[in-house]
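Participant: What follows is the file my_file24.txt, containing compact mmCIF, C-alpha atoms:
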```txt
# COMPACT_ATOMS: atom_id res chain seq x y z
CA MET F 1 3.47 -0.40 -15.98
CA ALA F 2 3.20 0.98 -12.50
CA ALA F 3 4.95 4.34 -12.16
CA PRO F 4 7.88 4.71 -9.75
CA ARG F 5 6.72 6.20 -6.46
CA LEU F 6 8.12 9.22 -4.67
CA ILE F 7 7.77 8.64 -0.96
CA PRO F 8 8.49 11.30 1.65
CA CYS F 9 9.69 9.75 4.88
CA LEU F 10 8.90 11.20 8.27
CA ASP F 11 11.09 10.10 11.15
CA VAL F 12 8.91 10.53 14.20
CA ARG F 13 10.05 10.58 17.82
CA ASP F 14 7.61 11.01 20.71
CA GLY F 15 4.94 12.14 18.23
CA ARG F 16 7.05 14.82 16.50
CA VAL F 17 8.88 14.74 13.17
CA VAL F 18 12.66 14.85 13.68
CA LYS F 19 15.56 15.02 11.29
CA GLY F 20 19.24 14.26 11.56
CA ILE F 21 22.12 12.71 9.70
CA ARG F 22 22.51 8.94 10.09
CA PHE F 23 19.83 8.88 12.74
CA GLN F 24 22.00 11.03 15.04
CA ASP F 25 21.70 14.64 16.25
CA LEU F 26 17.93 14.66 15.85
CA ARG F 27 16.23 18.06 15.62
CA ASP F 28 12.53 18.87 15.75
CA ALA F 29 11.01 19.27 12.28
CA GLY F 30 7.32 19.68 12.95
CA ASP F 31 3.95 18.00 13.29
CA PRO F 32 3.46 14.70 11.41
CA VAL F 33 -0.14 15.42 10.34
CA THR F 34 0.72 18.84 8.89
CA GLN F 35 3.76 17.46 7.10
CA ALA F 36 2.08 14.34 5.71
CA SER F 37 -0.79 16.44 4.45
CA MET F 38 1.56 18.96 2.83
CA TYR F 39 3.50 16.23 1.00
CA GLN F 40 0.24 14.63 -0.14
CA ASP F 41 -0.78 17.97 -1.65
CA GLN F 42 2.60 18.22 -3.38
CA GLY F 43 1.90 14.91 -5.15
CA ALA F 44 3.54 12.33 -2.89
CA ASP F 45 2.63 8.78 -3.93
CA GLU F 46 2.81 7.35 -0.43
CA ILE F 47 4.02 8.38 3.03
CA VAL F 48 6.39 6.40 5.22
CA ILE F 49 6.51 7.08 8.94
CA LEU F 50 9.38 5.55 10.88
CA ASP F 51 9.09 5.80 14.62
CA VAL F 52 12.54 6.38 16.05
CA SER F 53 11.50 6.88 19.66
CA ALA F 54 14.06 5.64 22.10
CA THR F 55 11.60 4.58 24.78
CA PRO F 56 8.45 2.42 24.93
CA GLU F 57 6.47 5.50 26.09
CA GLY F 58 7.64 7.40 23.04
CA ARG F 59 6.66 4.52 20.77
CA GLY F 60 3.20 4.55 22.29
CA HIS F 61 2.68 7.73 20.29
CA ALA F 62 3.14 5.84 17.01
CA VAL F 63 -0.39 4.42 17.07
CA GLU F 64 -1.84 7.85 17.83
CA THR F 65 0.26 9.49 15.12
CA THR F 66 -0.82 6.83 12.61
CA SER F 67 -4.45 7.38 13.43
CA SER F 68 -4.29 11.18 13.10
CA VAL F 69 -2.32 11.03 9.86
CA ARG F 70 -4.79 8.48 8.42
CA GLN F 71 -7.67 10.91 8.85
CA VAL F 72 -6.11 13.37 6.39
CA LEU F 73 -4.32 10.98 4.07
CA SER F 74 -5.92 9.52 0.92
CA ILE F 75 -2.70 7.88 -0.25
CA PRO F 76 -0.96 4.79 1.17
CA LEU F 77 0.71 4.97 4.57
CA THR F 78 3.51 2.67 5.69
CA VAL F 79 4.54 2.73 9.34
CA GLY F 80 7.62 1.17 10.90
CA GLY F 81 9.67 1.30 14.05
CA GLY F 82 9.20 -0.78 17.15
CA VAL F 83 7.18 -3.59 15.51
CA ARG F 84 8.33 -6.70 17.41
CA GLU F 85 5.25 -8.94 17.35
CA THR F 86 2.24 -9.34 15.09
CA GLU F 87 0.16 -7.62 17.78
CA ASP F 88 2.25 -4.45 17.33
CA ALA F 89 1.39 -4.60 13.65
CA VAL F 90 -2.31 -5.13 14.41
CA ALA F 91 -2.34 -1.91 16.46
CA LEU F 92 -0.77 0.10 13.63
CA LEU F 93 -2.97 -1.42 10.91
CA GLU F 94 -6.11 -0.84 12.94
CA ALA F 95 -5.00 2.74 13.49
CA GLY F 96 -4.78 3.23 9.73
CA ALA F 97 -1.41 2.07 8.43
CA ASP F 98 -1.76 0.23 5.11
CA ARG F 99 1.53 -1.55 5.53
CA VAL F 100 4.00 -2.11 8.33
CA ALA F 101 7.77 -2.12 8.12
CA VAL F 102 9.96 -4.28 10.34
CA ASN F 103 13.69 -4.01 10.78
CA THR F 104 15.67 -4.96 13.90
CA ALA F 105 13.06 -7.35 15.29
CA ALA F 106 13.06 -9.31 12.01
CA VAL F 107 16.86 -9.55 12.07
CA GLN F 108 16.64 -10.97 15.58
CA ARG F 109 13.69 -13.23 14.78
CA PRO F 110 13.23 -13.72 11.02
CA LYS F 111 10.07 -15.72 11.56
CA LEU F 112 8.33 -12.41 12.31
CA ILE F 113 8.25 -11.84 8.53
CA ASP F 114 6.45 -15.16 7.96
CA GLU F 115 3.96 -14.32 10.70
CA LEU F 116 3.15 -10.90 9.27
CA ALA F 117 2.87 -12.16 5.69
CA ASP F 118 0.65 -15.07 6.74
CA ARG F 119 -1.66 -12.91 8.76
CA PHE F 120 -1.87 -9.73 6.68
CA GLY F 121 -0.50 -10.70 3.28
CA SER F 122 2.79 -9.86 1.58
CA GLN F 123 1.52 -6.52 0.30
CA CYS F 124 1.28 -5.44 3.96
CA THR F 125 4.73 -6.64 4.95
CA VAL F 126 7.70 -4.39 4.32
CA LEU F 127 11.20 -5.32 5.42
CA ALA F 128 13.44 -2.35 6.15
CA ILE F 129 17.15 -3.07 5.76
CA ASP F 130 19.89 -0.67 6.78
CA ALA F 131 22.92 -1.57 4.70
CA ALA F 132 26.54 -0.59 5.34
CA ARG F 133 29.28 -1.11 2.80
CA ARG F 134 32.03 -3.55 3.65
CA GLY F 135 35.62 -3.29 2.38
CA ASP F 136 35.08 -6.10 -0.13
CA GLY F 137 32.26 -4.32 -1.97
CA SER F 138 29.42 -6.24 -0.34
CA TRP F 139 26.99 -4.86 2.26
CA GLU F 140 26.31 -5.78 5.82
CA VAL F 141 23.02 -5.40 7.73
CA VAL F 142 23.23 -2.86 10.56
CA VAL F 143 20.57 -2.39 13.23
CA ASP F 144 19.76 -0.15 16.19
CA GLY F 145 20.06 3.00 14.09
CA GLY F 146 23.42 1.88 12.74
CA ARG F 147 24.98 1.26 16.13
CA THR F 148 25.15 -2.50 15.73
CA ARG F 149 26.76 -4.37 12.85
CA THR F 150 25.24 -7.81 12.49
CA GLY F 151 27.71 -9.52 10.18
CA ARG F 152 24.71 -10.55 8.05
CA ASP F 153 25.06 -10.15 4.29
CA VAL F 154 22.39 -7.81 2.86
CA GLU F 155 21.87 -9.76 -0.35
CA ARG F 156 21.32 -13.04 1.47
CA TRP F 157 19.04 -11.38 4.01
CA ALA F 158 16.95 -9.84 1.21
CA ARG F 159 16.58 -13.24 -0.48
CA SER F 160 15.62 -14.95 2.72
CA ALA F 161 13.08 -12.23 3.57
CA ALA F 162 11.47 -12.46 0.13
CA ALA F 163 11.16 -16.23 0.51
CA ARG F 164 9.51 -15.69 3.89
CA GLY F 165 6.86 -13.48 2.34
CA ALA F 166 8.13 -9.90 2.55
CA GLY F 167 6.29 -7.92 -0.11
CA GLU F 168 8.74 -5.06 -0.45
CA ILE F 169 12.17 -4.03 0.80
CA LEU F 170 12.89 -0.55 2.08
CA LEU F 171 16.61 -0.46 1.41
CA THR F 172 18.54 2.29 3.19
CA SER F 173 22.18 2.94 2.47
CA TRP F 174 23.66 3.67 5.85
CA ASP F 175 26.69 5.25 4.16
CA ARG F 176 24.59 7.71 2.14
CA ASP F 177 21.74 8.49 4.53
CA GLY F 178 21.40 12.22 5.08
CA THR F 179 24.50 13.01 2.99
CA ARG F 180 22.74 14.19 -0.20
CA SER F 181 25.45 12.53 -2.27
CA GLY F 182 23.08 10.30 -4.28
CA TYR F 183 21.66 6.82 -3.70
CA ASP F 184 24.02 3.85 -3.54
CA THR F 185 23.12 2.56 -7.02
CA ALA F 186 25.42 -0.47 -6.76
CA LEU F 187 23.48 -1.56 -3.68
CA ILE F 188 20.14 -1.07 -5.48
CA GLU F 189 21.37 -3.07 -8.48
CA ALA F 190 22.66 -5.91 -6.32
CA ILE F 191 19.43 -6.28 -4.38
CA THR F 192 17.01 -5.86 -7.31
CA ALA F 193 19.01 -8.59 -9.06
CA ALA F 194 18.72 -10.81 -5.99
CA VAL F 195 14.92 -10.60 -5.46
CA ASP F 196 11.75 -10.18 -7.53
CA ILE F 197 9.88 -8.08 -4.97
CA PRO F 198 9.86 -4.28 -5.25
CA ILE F 199 12.63 -2.19 -3.70
CA ILE F 200 12.30 1.29 -2.20
CA ALA F 201 15.66 3.03 -2.47
CA SER F 202 16.59 5.20 0.48
CA GLY F 203 19.49 7.32 1.63
CA GLY F 204 21.31 10.08 -0.21
CA ALA F 205 18.77 11.90 -2.40
CA ASP F 206 19.59 15.49 -3.31
CA ASN F 207 17.91 16.08 -6.67
CA ALA F 208 15.82 14.60 -9.49
CA ASP F 209 18.90 13.13 -11.18
CA HIS F 210 19.54 11.03 -8.10
CA LEU F 211 15.95 9.76 -8.17
CA GLU F 212 16.34 8.89 -11.82
CA GLU F 213 19.56 6.97 -11.11
CA ALA F 214 17.88 4.94 -8.39
CA ILE F 215 14.93 4.17 -10.67
CA SER F 216 17.10 3.12 -13.59
CA SER F 217 19.09 0.93 -11.17
CA GLY F 218 15.89 -1.01 -10.53
CA ALA F 219 14.18 0.71 -7.60
CA THR F 220 10.39 0.89 -7.99
CA ALA F 221 10.15 3.66 -5.40
CA VAL F 222 12.42 6.27 -3.87
CA LEU F 223 12.38 7.52 -0.31
CA ILE F 224 13.04 11.23 0.17
CA ALA F 225 13.56 13.00 3.47
CA SER F 226 16.01 15.77 4.24
CA ILE F 227 15.73 17.75 0.99
CA LEU F 228 11.97 17.96 1.52
CA HIS F 229 12.13 18.72 5.23
CA ASP F 230 14.75 21.43 4.65
CA GLY F 231 12.59 23.01 1.95
CA VAL F 232 15.29 22.53 -0.71
CA THR F 233 12.68 21.21 -3.13
CA THR F 234 9.13 19.80 -3.28
CA VAL F 235 7.67 16.53 -4.48
CA GLY F 236 5.97 18.47 -7.28
CA THR F 237 9.23 20.01 -8.50
CA LEU F 238 10.99 16.65 -8.47
CA LYS F 239 8.13 15.03 -10.39
CA ARG F 240 8.03 17.75 -13.03
CA ARG F 241 11.75 17.33 -13.56
CA LEU F 242 11.44 13.55 -13.85
CA LEU F 243 8.59 13.89 -16.34
CA ALA F 244 10.58 16.42 -18.37
CA ASN F 245 13.44 13.92 -18.53
CA GLY F 246 11.14 11.15 -19.73
CA THR F 247 10.70 9.19 -16.51
CA GLU F 248 7.00 8.50 -16.16
CA VAL F 249 5.61 9.30 -12.72
CA ARG F 250 2.06 9.96 -11.60
CA PRO F 251 1.59 13.65 -12.41
CA MET O 1 -30.52 10.75 2.10
CA SER O 2 -28.88 8.27 4.44
CA THR O 3 -25.16 8.72 4.94
CA ASP O 4 -24.67 5.12 6.08
CA VAL O 5 -22.19 2.83 4.45
CA ALA O 6 -21.72 -0.70 5.79
CA ILE O 7 -18.25 -2.24 5.65
CA VAL O 8 -17.73 -6.01 5.70
CA PRO O 9 -14.83 -6.56 8.12
CA THR O 10 -12.79 -8.87 5.93
CA GLY O 11 -9.60 -8.48 7.96
CA THR O 12 -7.47 -6.20 10.08
CA ALA O 13 -5.66 -4.41 7.33
CA ASN O 14 -7.26 -1.72 5.26
CA THR O 15 -10.52 -1.22 7.15
CA ALA O 16 -9.22 1.96 8.81
CA SER O 17 -8.29 3.48 5.44
CA VAL O 18 -11.70 2.66 3.97
CA ASN O 19 -13.46 4.11 7.00
CA ALA O 20 -11.35 7.27 6.92
CA ALA O 21 -12.01 7.77 3.20
CA PHE O 22 -15.78 7.56 3.69
CA ARG O 23 -15.68 9.84 6.73
CA ARG O 24 -13.92 12.44 4.61
CA LEU O 25 -16.94 12.25 2.28
CA GLY O 26 -19.24 12.95 5.22
CA ALA O 27 -20.43 9.35 5.33
CA ASN O 28 -21.03 7.24 8.39
CA PRO O 29 -19.21 3.90 8.03
CA ARG O 30 -20.24 1.00 10.26
CA PRO O 31 -19.45 -2.71 10.22
CA ALA O 32 -21.70 -5.25 8.46
CA VAL O 33 -21.33 -8.55 10.30
CA THR O 34 -24.54 -10.53 9.83
CA PRO O 35 -26.43 -11.66 6.73
CA GLU O 36 -29.17 -9.17 7.71
CA ASP O 37 -26.62 -6.33 7.79
CA ILE O 38 -25.59 -7.26 4.27
CA ARG O 39 -29.16 -7.59 2.98
CA GLU O 40 -30.34 -4.35 4.50
CA ALA O 41 -27.36 -2.05 3.98
CA SER O 42 -28.23 0.83 1.67
CA ARG O 43 -24.58 0.75 0.59
CA LEU O 44 -22.10 -2.04 1.21
CA VAL O 45 -18.32 -2.16 0.87
CA VAL O 46 -16.39 -5.42 0.59
CA PRO O 47 -12.75 -4.47 1.14
CA GLY O 48 -10.19 -7.18 1.20
CA VAL O 49 -6.54 -7.81 1.61
CA GLY O 50 -4.87 -11.13 2.27
CA THR O 51 -5.52 -14.36 0.41
CA PHE O 52 -8.55 -15.48 -1.59
CA GLY O 53 -8.89 -18.70 0.40
CA ALA O 54 -8.74 -17.04 3.82
CA ALA O 55 -11.27 -14.38 2.82
CA MET O 56 -13.79 -16.90 1.42
CA GLU O 57 -13.34 -19.09 4.47
CA ARG O 58 -14.23 -16.17 6.71
CA ILE O 59 -17.25 -15.28 4.59
CA ASP O 60 -18.48 -18.88 4.77
CA GLN O 61 -17.83 -19.15 8.50
CA GLN O 62 -19.97 -16.09 9.06
CA GLU O 63 -22.56 -17.43 6.60
CA LEU O 64 -22.43 -14.31 4.48
CA ARG O 65 -22.11 -16.01 1.09
CA GLU O 66 -25.80 -16.19 0.23
CA SER O 67 -26.62 -12.63 1.23
CA LEU O 68 -23.61 -11.26 -0.66
CA VAL O 69 -24.39 -13.17 -3.84
CA ASP O 70 -28.02 -12.13 -3.65
CA ARG O 71 -27.22 -8.45 -3.31
CA LEU O 72 -24.57 -8.51 -6.06
CA GLU O 73 -26.89 -10.29 -8.48
CA ARG O 74 -29.64 -7.82 -7.84
CA GLY O 75 -27.23 -4.94 -8.48
CA ARG O 76 -27.72 -3.43 -5.04
CA PRO O 77 -25.18 -0.67 -4.21
CA THR O 78 -21.98 -2.57 -3.47
CA LEU O 79 -18.33 -1.59 -3.76
CA ALA O 80 -15.74 -4.38 -3.82
CA ILE O 81 -12.10 -3.40 -3.39
CA CYS O 82 -8.93 -5.27 -4.39
CA LEU O 83 -9.30 -8.85 -3.16
CA GLY O 84 -12.99 -7.99 -2.72
CA MET O 85 -13.24 -7.73 -6.52
CA GLN O 86 -11.53 -11.08 -7.02
CA LEU O 87 -14.00 -12.75 -4.65
CA LEU O 88 -16.73 -12.08 -7.24
CA ALA O 89 -15.09 -14.66 -9.51
CA GLU O 90 -15.74 -18.40 -9.57
CA LYS O 91 -12.23 -19.29 -8.50
CA SER O 92 -8.67 -18.08 -8.15
CA ASP O 93 -5.28 -19.59 -8.89
CA GLU O 94 -4.25 -18.26 -5.48
CA SER O 95 -6.48 -20.80 -3.69
CA PRO O 96 -7.53 -23.24 -6.43
CA HIS O 97 -9.83 -25.41 -4.30
CA VAL O 98 -11.84 -22.62 -2.73
CA PRO O 99 -15.01 -21.55 -4.58
CA GLY O 100 -15.49 -17.79 -4.90
CA LEU O 101 -18.84 -16.01 -4.90
CA GLY O 102 -19.23 -16.88 -8.58
CA VAL O 103 -21.14 -13.72 -9.50
CA VAL O 104 -18.91 -13.39 -12.55
CA PRO O 105 -17.97 -16.55 -14.49
CA GLU O 106 -14.24 -15.83 -14.41
CA ARG O 107 -11.04 -17.26 -12.98
CA VAL O 108 -8.51 -15.04 -11.20
CA THR O 109 -4.93 -15.57 -12.40
CA ARG O 110 -1.48 -14.49 -11.21
CA LEU O 111 0.37 -11.53 -12.68
CA PRO O 112 3.14 -12.66 -15.07
CA GLN O 113 6.07 -14.30 -13.25
CA ASP O 114 8.77 -12.25 -14.95
CA LEU O 115 7.50 -9.00 -13.41
CA THR O 116 7.98 -7.47 -10.01
CA VAL O 117 5.16 -8.97 -7.98
CA PRO O 118 3.18 -7.75 -6.09
CA GLN O 119 2.41 -4.77 -8.27
CA LEU O 120 2.77 -2.00 -5.70
CA GLY O 121 2.12 1.49 -6.89
CA TRP O 122 0.22 3.83 -9.14
CA ASN O 123 -0.89 2.83 -12.58
CA ARG O 124 -3.20 4.17 -15.29
CA VAL O 125 -6.85 3.15 -15.38
CA VAL O 126 -8.50 3.29 -18.80
CA PRO O 127 -12.25 2.76 -18.54
CA ASP O 128 -14.69 1.82 -21.25
CA VAL O 129 -16.52 4.90 -22.56
CA ALA O 130 -19.80 3.44 -21.32
CA SER O 131 -18.63 3.55 -17.70
CA ARG O 132 -20.93 5.22 -15.25
CA PHE O 133 -18.58 5.55 -12.30
CA LEU O 134 -15.08 5.25 -13.70
CA ASP O 135 -13.01 8.10 -15.13
CA PRO O 136 -9.55 7.75 -16.67
CA GLY O 137 -6.79 8.43 -14.15
CA TRP O 138 -4.11 7.05 -11.87
CA ALA O 139 -4.98 4.55 -9.17
CA TYR O 140 -3.03 2.83 -6.42
CA PHE O 141 -2.64 -0.94 -6.77
CA ALA O 142 -1.28 -3.61 -4.41
CA ASN O 143 -1.97 -6.93 -6.08
CA SER O 144 -0.41 -10.18 -7.23
CA TYR O 145 -3.53 -11.59 -8.92
CA LYS O 146 -5.98 -10.16 -11.44
CA LEU O 147 -9.01 -10.72 -13.62
CA ASP O 148 -8.29 -11.15 -17.34
CA ASP O 149 -11.65 -10.49 -18.99
CA VAL O 150 -14.58 -8.17 -18.46
CA PRO O 151 -17.56 -10.48 -17.91
CA ASP O 152 -20.58 -10.22 -20.23
CA GLY O 153 -23.06 -7.65 -19.07
CA TRP O 154 -20.44 -5.63 -17.17
CA THR O 155 -18.53 -2.48 -18.15
CA GLY O 156 -14.83 -2.54 -17.42
CA ALA O 157 -11.57 -0.65 -17.17
CA GLN O 158 -8.15 -1.86 -18.28
CA THR O 159 -4.68 -1.38 -16.85
CA GLU O 160 -1.30 -2.39 -18.23
CA TYR O 161 1.13 -4.46 -16.20
CA GLY O 162 3.04 -6.86 -18.40
CA GLY O 163 -0.12 -7.05 -20.54
CA GLU O 164 -3.60 -5.74 -19.95
CA PHE O 165 -5.69 -6.80 -17.00
CA VAL O 166 -9.12 -5.76 -15.78
CA SER O 167 -8.69 -3.02 -13.18
CA ALA O 168 -12.40 -2.45 -12.49
CA ILE O 169 -15.87 -3.66 -13.47
CA GLU O 170 -19.27 -2.12 -12.90
CA ARG O 171 -22.88 -3.18 -13.40
CA GLY O 172 -25.85 -1.33 -12.01
CA ASP O 173 -24.82 0.03 -8.63
CA VAL O 174 -22.12 -2.59 -8.21
CA LEU O 175 -18.57 -1.32 -8.63
CA ALA O 176 -15.56 -3.62 -8.19
CA CYS O 177 -12.03 -2.20 -8.29
CA GLN O 178 -8.73 -4.08 -8.35
CA PHE O 179 -7.08 -0.85 -7.16
CA HIS O 180 -7.67 0.92 -3.86
CA PRO O 181 -9.93 3.95 -4.43
CA GLU O 182 -9.53 4.85 -0.74
CA LEU O 183 -5.78 5.25 -1.33
CA SER O 184 -5.93 6.80 -4.80
CA GLY O 185 -5.79 10.45 -3.83
CA THR O 186 -8.40 12.92 -5.09
CA TRP O 187 -9.14 10.76 -8.15
CA GLY O 188 -10.08 7.90 -5.85
CA ALA O 189 -12.08 10.16 -3.54
CA ASP O 190 -14.06 11.45 -6.54
CA LEU O 191 -14.83 7.87 -7.60
CA LEU O 192 -16.01 6.97 -4.10
CA ARG O 193 -18.15 10.11 -4.10
CA ARG O 194 -19.83 9.20 -7.41
CA TRP O 195 -20.56 5.67 -6.24
CA PHE O 196 -21.72 6.85 -2.83
CA ASP O 197 -24.08 9.54 -4.20
CA SER O 198 -25.51 7.42 -6.97
CA ALA O 199 -26.05 4.45 -4.72
CA GLY O 200 -27.85 6.58 -2.16
CA GLY O 201 -30.47 7.66 -4.65
CA ARG O 202 -31.92 4.23 -5.31
CA SER O 203 -32.21 2.09 -2.26
```
What is this file in structure tokens?
Facilitator:
Amino acid sequence: MAAPRLIPCLDVRDGRVVKGIRFQDLRDAGDPVTQASMYQDQGADEIVILDVSATPEGRGHAVETTSSVRQVLSIPLTVGGGVRETEDAVALLEAGADRVAVNTAAVQRPKLIDELADRFGSQCTVLAIDAARRGDGSWEVVVDGGRTRTGRDVERWARSAAARGAGEILLTSWDRDGTRSGYDTALIEAITAAVDIPIIASGGADNADHLEEAISSGATAVLIASILHDGVTTVGTLKRRLLANGTEVRP
Amino acid sequence: MSTDVAIVPTGTANTASVNAAFRRLGANPRPAVTPEDIREASRLVVPGVGTFGAAMERIDQQELRESLVDRLERGRPTLAICLGMQLLAEKSDESPHVPGLGVVPERVTRLPQDLTVPQLGWNRVVPDVASRFLDPGWAYFANSYKLDDVPDGWTGAQTEYGGEFVSAIERGDVLACQFHPELSGTWGADLLRRWFDSAGGRS
């Protein structure tokens, strides 16, 4: 079987890596090319770059960043943020992204998923969902970096996106993101039960045990950010621990 | 030795990664768009993402079928990647009414329904001992369809995903991979290097 993937995520604003909790209080965390290359050397299975620029000018850097990162990267690269039309995706794919992730624009216009899947194939089309827990134990889709609640049920949205041709879901727990308190395993279980396409778990990783929990809850990949950026651990250390505990990953 | 490698532009996605991988090897990738480009290229890459039907339609529109088949049958240095490998078959369940290149007498089938599809991620490649290019290792896959049998006269590699499927085949200087060598880290770069160097020595 395919091994679960460990995927460092770089949030990039105006061409620089930034970090913050719940997309707020962003601080500079370095150069995307240097960081992507470092994580590749540590054994990362893929790199995700999410452009979180607030302005169109800032987002213009995303294509440039993608192109520079591609030159050094011999592992898959997924890029998201600011993809509103298929033409935005064309620019990123031509610059060297292997897959594009869509989020807010797909919530506003779900047909965008069909268009991307038709033109580039499902394996190119990643739907990012930011999920916030509701009082009744279900999850609601939030957009605009968590500022806007949509009232849309995450499970139903995931099903609909899969039917439209999304090839993977990047599932971020809004409640756990940046908190290092572990992935929301109930969320992972609910969504992997709802769809057959692969799920990347995101939000809350602190250690290898958390990765293992996400994987045994059904995630086929785990997104890791703050613990890597803060130098708490490395991809290599996490992989060695997973292997020692019997979870097969690419060594 | 020429450093040229001609890339068939089969679609938007993936070409940049293939180009970047060959540039890292010191090669000079350029597009192959006409039948002459395909006939004359010292090395040719057929990448491919998207659907079987759309890719074959494009090949036929550009009248590249004959030159591709000719070069593959003569064993001229050619690397087919992912969907590019499936195009070698006679047909595919993905687009049942579209004839493939038919260089191998096989049918492409879908990965088992009860699995997570597409297969997205790294998986083990176990080549036949007689392989010239392929080493055992981990490769990056992004596929929903696969080849089930190594055709006669070819050497193959197997990978496990709900049962074994054929993850690569090679014959002469033709190498076809279901995985993406350009995205398979140093293992993939080494494979590209072996194919690139070997292919350069003959044409």
Participant: At a cut-off of 7 Å, list the chain O residues touching chain F, using all atoms listed in the file, as an mmCIF file with C-alpha atoms, in the frame of the given file.
Facilitator:
```cif
data_model
loop_
_atom_site.group_PDB
_atom_site.id
_atom_site.type_symbol
_atom_site.label_atom_id
_atom_site.label_comp_id
_atom_site.auth_asym_id
_atom_site.auth_seq_id
_atom_site.Cartn_x
_atom_site.Cartn_y
_atom_site.Cartn_z
ATOM 1 C CA THR O 12 -7.470 -6.200 10.080
ATOM 2 C CA ALA O 13 -5.660 -4.410 7.330
ATOM 3 C CA ASN O 14 -7.260 -1.720 5.260
ATOM 4 C CA ALA O 16 -9.220 1.960 8.810
ATOM 5 C CA SER O 17 -8.290 3.480 5.440
ATOM 6 C CA ALA O 20 -11.350 7.270 6.920
ATOM 7 C CA ALA O 21 -12.010 7.770 3.200
ATOM 8 C CA VAL O 49 -6.540 -7.810 1.610
ATOM 9 C CA GLY O 50 -4.870 -11.130 2.270
ATOM 10 C CA THR O 51 -5.520 -14.360 0.410
ATOM 11 C CA THR O 116 7.980 -7.470 -10.010
ATOM 12 C CA VAL O 117 5.160 -8.970 -7.980
ATOM 13 C CA PRO O 118 3.180 -7.750 -6.090
ATOM 14 C CA GLY O 121 2.120 1.490 -6.890
ATOM 15 C CA TRP O 122 0.220 3.830 -9.140
ATOM 16 C CA ASN O 123 -0.890 2.830 -12.580
ATOM 17 C CA TRP O 138 -4.110 7.050 -11.870
ATOM 18 C CA ALA O 142 -1.280 -3.610 -4.410
ATOM 19 C CA GLU O 160 -1.300 -2.390 -18.230
ATOM 20 C CA TYR O 161 1.130 -4.460 -16.200
ATOM 21 C CA GLY O 162 3.040 -6.860 -18.400
ATOM 22 C CA GLU O 182 -9.530 4.850 -0.740
ATOM 23 C CA LEU O 183 -5.780 5.250 -1.330
ATOM 24 C CA SER O 184 -5.930 6.800 -4.800
ATOM 25 C CA GLY O 185 -5.790 10.450 -3.830
#
```
Participant: Go ahead and compute the interatomic distance for atom CA of Gly218 of chain F and atom CA of Glu189 of chain F, in Å to one decimal.
Facilitator: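 Going from atom CA of Gly218 of chain F over to atom CA of Glu189 of chain F covers 6.2 Å.
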Participant: Write out as a list in words the residues lying within 10 Å of Leu175 of chain O, counting all atoms listed in the file and excluding same-chain residues fewer than 2 positions away.
Facilitator: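 Skipping anything fewer than 2 positions along the chain leaves Val45, Leu72, Gly75, Pro77, Thr78, Leu79, Ala80, Ile81, Met85, Arg132, Phe133, Leu134, Trp154, Thr155, Gly156, Ala168, Ile169, Glu170, Arg171, Gly172, Asp173, Cys177, Leu191, Leu192 and Trp195 of chain O.
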Participant: Store the residues of this selection in a file with C-alpha atoms, as a PDB file, keeping the file's coordinate frame.
Facilitator:
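Output saved as again-v2.pdb:
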```pdb
ATOM      1  CA  VAL O  45     -18.320  -2.160   0.870  1.00  0.00           C
ATOM      2  CA  LEU O  72     -24.570  -8.510  -6.060  1.00  0.00           C
ATOM      3  CA  GLY O  75     -27.230  -4.940  -8.480  1.00  0.00           C
ATOM      4  CA  PRO O  77     -25.180  -0.670  -4.210  1.00  0.00           C
ATOM      5  CA  THR O  78     -21.980  -2.570  -3.470  1.00  0.00           C
ATOM      6  CA  LEU O  79     -18.330  -1.590  -3.760  1.00  0.00           C
ATOM      7  CA  ALA O  80     -15.740  -4.380  -3.820  1.00  0.00           C
ATOM      8  CA  ILE O  81     -12.100  -3.400  -3.390  1.00  0.00           C
ATOM      9  CA  MET O  85     -13.240  -7.730  -6.520  1.00  0.00           C
ATOM     10  CA  ARG O 132     -20.930   5.220 -15.250  1.00  0.00           C
ATOM     11  CA  PHE O 133     -18.580   5.550 -12.300  1.00  0.00           C
ATOM     12  CA  LEU O 134     -15.080   5.250 -13.700  1.00  0.00           C
ATOM     13  CA  TRP O 154     -20.440  -5.630 -17.170  1.00  0.00           C
ATOM     14  CA  THR O 155     -18.530  -2.480 -18.150  1.00  0.00           C
ATOM     15  CA  GLY O 156     -14.830  -2.540 -17.420  1.00  0.00           C
ATOM     16  CA  ALA O 168     -12.400  -2.450 -12.490  1.00  0.00           C
ATOM     17  CA  ILE O 169     -15.870  -3.660 -13.470  1.00  0.00           C
ATOM     18  CA  GLU O 170     -19.270  -2.120 -12.900  1.00  0.00           C
ATOM     19  CA  ARG O 171     -22.880  -3.180 -13.400  1.00  0.00           C
ATOM     20  CA  GLY O 172     -25.850  -1.330 -12.010  1.00  0.00           C
ATOM     21  CA  ASP O 173     -24.820   0.030  -8.630  1.00  0.00           C
ATOM     22  CA  CYS O 177     -12.030  -2.200  -8.290  1.00  0.00           C
ATOM     23  CA  LEU O 191     -14.830   7.870  -7.600  1.00  0.00           C
ATOM     24  CA  LEU O 192     -16.010   6.970  -4.100  1.00  0.00           C
ATOM     25  CA  TRP O 195     -20.560   5.670  -6.240  1.00  0.00           C
TER      26      TRP O 195
END
```
Participant: Would you give the centre and edge lengths, in Å to one decimal, of a box along x, y and z around the listed atoms of segment 142-158 of chain F, with 5 Å added to each side, as lines of an AutoDock Vina configuration file?
Facilitator:
```
center_x = 22.3
center_y = -5.0
center_z = 7.9
size_x = 20.8
size_y = 26.0
size_z = 26.5
```
Participant: May I have the protein, DNA and RNA residues with an atom at most 9 Å from (5.6, 17.7, -4.2), counting only C-alpha atoms in the file's coordinates, returned as an NGL selection string?
Facilitator: :F and (6 or 38-44 or 228 or 233-239)
